[in-house]
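start_28.cif, holding mmCIF, C-alpha atoms:
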data_structure
#
loop_
_atom_site.group_PDB
_atom_site.id
_atom_site.type_symbol
_atom_site.label_atom_id
_atom_site.label_comp_id
_atom_site.auth_asym_id
_atom_site.auth_seq_id
_atom_site.Cartn_x
_atom_site.Cartn_y
_atom_site.Cartn_z
ATOM 1 C CA MET X 1 72.814 -117.187 -48.187
ATOM 2 C CA PHE X 2 73.812 -115.070 -51.156
ATOM 3 C CA VAL X 3 75.851 -116.877 -53.811
ATOM 4 C CA PHE X 4 77.745 -114.679 -56.241
ATOM 5 C CA ALA X 5 79.928 -116.135 -58.975
ATOM 6 C CA SER X 6 80.475 -113.009 -61.066
ATOM 7 C CA ARG X 7 83.998 -112.130 -62.141
ATOM 8 C CA THR X 8 82.962 -108.731 -63.476
ATOM 9 C CA GLU X 9 81.219 -106.932 -60.599
ATOM 10 C CA THR X 10 82.947 -103.565 -60.447
ATOM 11 C CA GLN X 11 81.840 -102.331 -57.026
ATOM 12 C CA GLY X 12 80.522 -105.243 -55.011
ATOM 13 C CA LEU X 13 77.474 -103.299 -53.827
ATOM 14 C CA VAL X 14 75.214 -106.331 -54.143
ATOM 15 C CA LEU X 15 77.430 -108.089 -51.615
ATOM 16 C CA LEU X 16 76.999 -105.283 -49.081
ATOM 17 C CA GLU X 17 73.243 -105.250 -49.646
ATOM 18 C CA ALA X 18 73.039 -108.987 -49.016
ATOM 19 C CA MET X 19 75.263 -108.736 -45.950
ATOM 20 C CA ALA X 20 73.236 -105.846 -44.544
ATOM 21 C CA ALA X 21 70.207 -108.135 -44.796
ATOM 22 C CA GLY X 22 72.121 -110.680 -42.705
ATOM 23 C CA LEU X 23 72.868 -113.087 -45.508
ATOM 24 C CA PRO X 24 76.136 -115.017 -45.462
ATOM 25 C CA VAL X 25 77.946 -114.548 -48.777
ATOM 26 C CA ILE X 26 79.807 -117.016 -50.945
ATOM 27 C CA ALA X 27 81.502 -115.166 -53.772
ATOM 28 C CA LEU X 28 84.483 -115.080 -56.056
ATOM 29 C CA SER X 29 87.001 -112.458 -54.993
ATOM 30 C CA ALA X 30 87.460 -110.649 -58.283
ATOM 31 C CA MET X 31 87.383 -106.996 -59.320
ATOM 32 C CA GLY X 32 85.158 -104.942 -56.982
ATOM 33 C CA THR X 33 84.171 -107.894 -54.842
ATOM 34 C CA ALA X 34 87.788 -108.277 -53.764
ATOM 35 C CA ASP X 35 87.647 -104.820 -52.149
ATOM 36 C CA ILE X 36 84.543 -105.762 -50.180
ATOM 37 C CA LEU X 37 85.596 -109.268 -49.195
ATOM 38 C CA VAL X 38 89.139 -108.622 -48.004
ATOM 39 C CA ASN X 39 89.044 -109.480 -44.297
ATOM 40 C CA ALA X 40 85.242 -109.693 -44.469
ATOM 41 C CA GLY X 41 83.427 -111.650 -41.832
ATOM 42 C CA GLY X 42 80.360 -113.521 -42.956
ATOM 43 C CA ALA X 43 81.783 -114.461 -46.342
ATOM 44 C CA LEU X 44 83.436 -117.453 -47.928
ATOM 45 C CA VAL X 45 85.734 -116.895 -50.882
ATOM 46 C CA PRO X 46 86.367 -120.188 -52.681
ATOM 47 C CA PRO X 47 88.911 -120.512 -55.484
ATOM 48 C CA ASP X 48 87.905 -119.429 -58.979
ATOM 49 C CA ASP X 49 87.140 -122.985 -60.034
ATOM 50 C CA PRO X 50 83.615 -124.298 -60.728
ATOM 51 C CA ALA X 51 84.089 -127.509 -58.744
ATOM 52 C CA ALA X 52 85.648 -125.725 -55.762
ATOM 53 C CA PHE X 53 82.934 -123.085 -55.831
ATOM 54 C CA GLY X 54 80.203 -125.721 -55.927
ATOM 55 C CA ASP X 55 81.860 -127.647 -53.100
ATOM 56 C CA ALA X 56 81.972 -124.500 -50.942
ATOM 57 C CA VAL X 57 78.264 -123.856 -51.520
ATOM 58 C CA GLY X 58 77.340 -127.496 -50.871
ATOM 59 C CA THR X 59 79.424 -127.691 -47.709
ATOM 60 C CA PHE X 60 78.025 -124.466 -46.330
ATOM 61 C CA LEU X 61 74.462 -125.672 -46.947
ATOM 62 C CA THR X 62 75.098 -128.581 -44.582
ATOM 63 C CA GLN X 63 76.506 -126.431 -41.780
ATOM 64 C CA TRP X 64 73.349 -124.866 -40.369
ATOM 65 C CA GLU X 65 74.995 -124.045 -37.043
ATOM 66 C CA ALA X 66 77.480 -121.770 -38.819
ATOM 67 C CA TRP X 67 74.745 -119.730 -40.492
ATOM 68 C CA ARG X 68 73.862 -117.691 -37.396
ATOM 69 C CA ASP X 69 77.485 -116.677 -36.801
ATOM 70 C CA PHE X 70 78.028 -115.893 -40.465
ATOM 71 C CA ALA X 71 74.835 -113.815 -40.573
ATOM 72 C CA ALA X 72 75.974 -111.712 -37.594
ATOM 73 C CA GLN X 73 79.435 -111.279 -39.107
ATOM 74 C CA ALA X 74 77.893 -110.304 -42.455
ATOM 75 C CA ARG X 75 75.880 -107.536 -40.792
ATOM 76 C CA GLN X 76 79.019 -106.227 -39.073
ATOM 77 C CA THR X 77 80.908 -106.228 -42.372
ATOM 78 C CA ALA X 78 78.099 -104.240 -44.011
ATOM 79 C CA LEU X 79 78.164 -101.723 -41.141
ATOM 80 C CA SER X 80 81.892 -101.215 -41.673
ATOM 81 C CA TRP X 81 81.019 -99.934 -45.184
ATOM 82 C CA SER X 82 78.173 -97.660 -44.066
ATOM 83 C CA ASP X 83 78.114 -93.977 -44.949
ATOM 84 C CA THR X 84 79.042 -93.080 -41.361
ATOM 85 C CA ALA X 85 81.974 -95.493 -41.283
ATOM 86 C CA MET X 86 83.237 -94.342 -44.675
ATOM 87 C CA ALA X 87 82.975 -90.656 -43.677
ATOM 88 C CA ALA X 88 85.016 -91.403 -40.552
ATOM 89 C CA ARG X 89 87.681 -93.142 -42.667
ATOM 90 C CA LEU X 90 87.812 -90.193 -45.054
ATOM 91 C CA ALA X 91 88.165 -87.726 -42.174
ATOM 92 C CA GLN X 92 90.997 -89.841 -40.748
ATOM 93 C CA CYS X 93 92.698 -89.845 -44.147
ATOM 94 C CA TYR X 94 92.541 -86.035 -44.247
ATOM 95 C CA ARG X 95 93.901 -85.786 -40.696
ATOM 96 C CA GLU X 96 96.823 -88.049 -41.550
ATOM 97 C CA SER X 97 97.512 -86.154 -44.764
ATOM 98 C CA LEU X 98 97.587 -82.860 -42.899
ATOM 99 C CA GLU X 99 99.917 -84.255 -40.253
ATOM 100 C CA GLN X 100 102.299 -85.750 -42.797
ATOM 101 C CA GLY X 101 102.173 -83.065 -45.444
ATOM 102 C CA LEU X 102 102.059 -79.884 -43.401
ATOM 103 C CA GLY X 103 103.870 -80.779 -40.196
ATOM 104 C CA THR X 104 102.916 -79.936 -36.647
ATOM 105 C CA SER X 105 103.470 -76.181 -36.962
ATOM 106 C CA VAL X 106 100.288 -75.690 -38.977
ATOM 107 C CA ARG X 107 97.088 -75.096 -37.024
ATOM 108 C CA LEU X 108 93.760 -75.035 -38.764
ATOM 109 C CA ARG X 109 90.940 -73.081 -37.162
ATOM 110 C CA ALA X 110 87.399 -72.655 -38.315
ATOM 111 C CA GLY X 111 87.276 -69.716 -40.701
ATOM 112 C CA ALA X 112 91.048 -69.154 -40.692
ATOM 113 C CA PRO X 113 93.188 -69.803 -43.777
ATOM 114 C CA ALA X 114 95.858 -72.483 -43.567
ATOM 115 C CA THR X 115 99.392 -71.162 -43.281
#
Please go through the file and, once you have read it, give me the structure as structure tokens.
Amino acid sequence: MFVFASRTETQGLVLLEAMAAGLPVIALSAMGTADILVNAGGALVPPDDPAAFGDAVGTFLTQWEAWRDFAAQARQTALSWSDTAMAARLAQCYRESLEQGLGTSVRLRAGAPAT
């Protein structure tokens, strides 16, 4: 498991690296980690309290049967942040922007200027 108690991680990349390796994550949801951990499978997000954080780690250490499921979920979460997945999200954002901003009368063709 990967335990991360930082309140100042700006991007949460270490979380994705750990999850891609199949490690369940226990982390505070602050700053950049909050973006990664929202709706993330394979992660526990205890309250920002030392005792609660320690309890979450201790409890998880005793639940060996949950590790396999958490590891699989962690890998899936990491895949959802892959370069391919992010490119697909960006392309969808552009499609939606075009539909909303330009209306249905605009047709974009390869090599043709937008009208």
query: Excluding same-chain residues fewer than 5 positions from region 6-10 of chain X, what lies within 9 Å of it counting only C-alpha atoms, as a VMD selection string?
result: chain X and resid 27 to 33 48
Fewer than 6 positions away in the same chain doesn't count, so skip those; otherwise give me all residues within 9 Å of Ala56 (chain X), counting only C-alpha atoms, as a PDB file with C-alpha atoms, keeping the file's coordinate frame.
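What landed in result-v4.pdb:
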ATOM      1  CA  ILE X  26      79.807-117.016 -50.945  1.00  0.00           C
ATOM      2  CA  LEU X  44      83.436-117.453 -47.928  1.00  0.00           C
ATOM      3  CA  VAL X  45      85.734-116.895 -50.882  1.00  0.00           C
ATOM      4  CA  PRO X  46      86.367-120.188 -52.681  1.00  0.00           C
TER       5      PRO X  46
END
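The interatomic distance for the pair CA of Ile36 (chain X) and CA of Leu16 (chain X) works out to 7.6 Å.
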- request: Name the residues captured by the PyMOL selection byres ((chain X and resi 43) around 10) when it is applied to the shown file; answer as a list in words.
  value: Met1, Phe2, Val3, Leu15, Met19, Leu23, Pro24, Val25, Ile26, Ala27, Ile36, Leu37, Val38, Asn39, Ala40, Gly41, Gly42, Leu44, Val45, Pro46, Phe70, Ala71, Gln73, Ala74 and Thr77 of chain X
message: Quick check, in Å to one decimal: how far apart do CA of Ala21 (chain X) and CA of Arg75 (chain X) lie?
response: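 Interatomic distance, CA of Ala21 (chain X) to CA of Arg75 (chain X): 7.0 Å.
Interatomic distance, CA of Gln92 (chain X) to CA of Ser80 (chain X): 14.6 Å.
Take the candidates X:Gly101, X:Pro47, X:Gly22, X:Ala34 and check each one against Trp67 (chain X) using only C-alpha atoms; the shortest distance goes to X:Gly22.
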Can you tell me, as JSON, the centre and edge lengths (Å, one decimal) of the axis-aligned box enclosing all of region 18-25 of chain X's listed atoms after padding each side by 3 Å?
{"center_x": 74.1, "center_y": -110.4, "center_z": -45.9, "size_x": 13.7, "size_y": 15.2, "size_z": 12.3}
field: Proximity to Trp81 (chain X) - best of X:Asp55, X:Gln100, X:Gly12, X:Arg68, only C-alpha atoms
entry: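 Nearest to Trp81 (chain X): X:Gly12.
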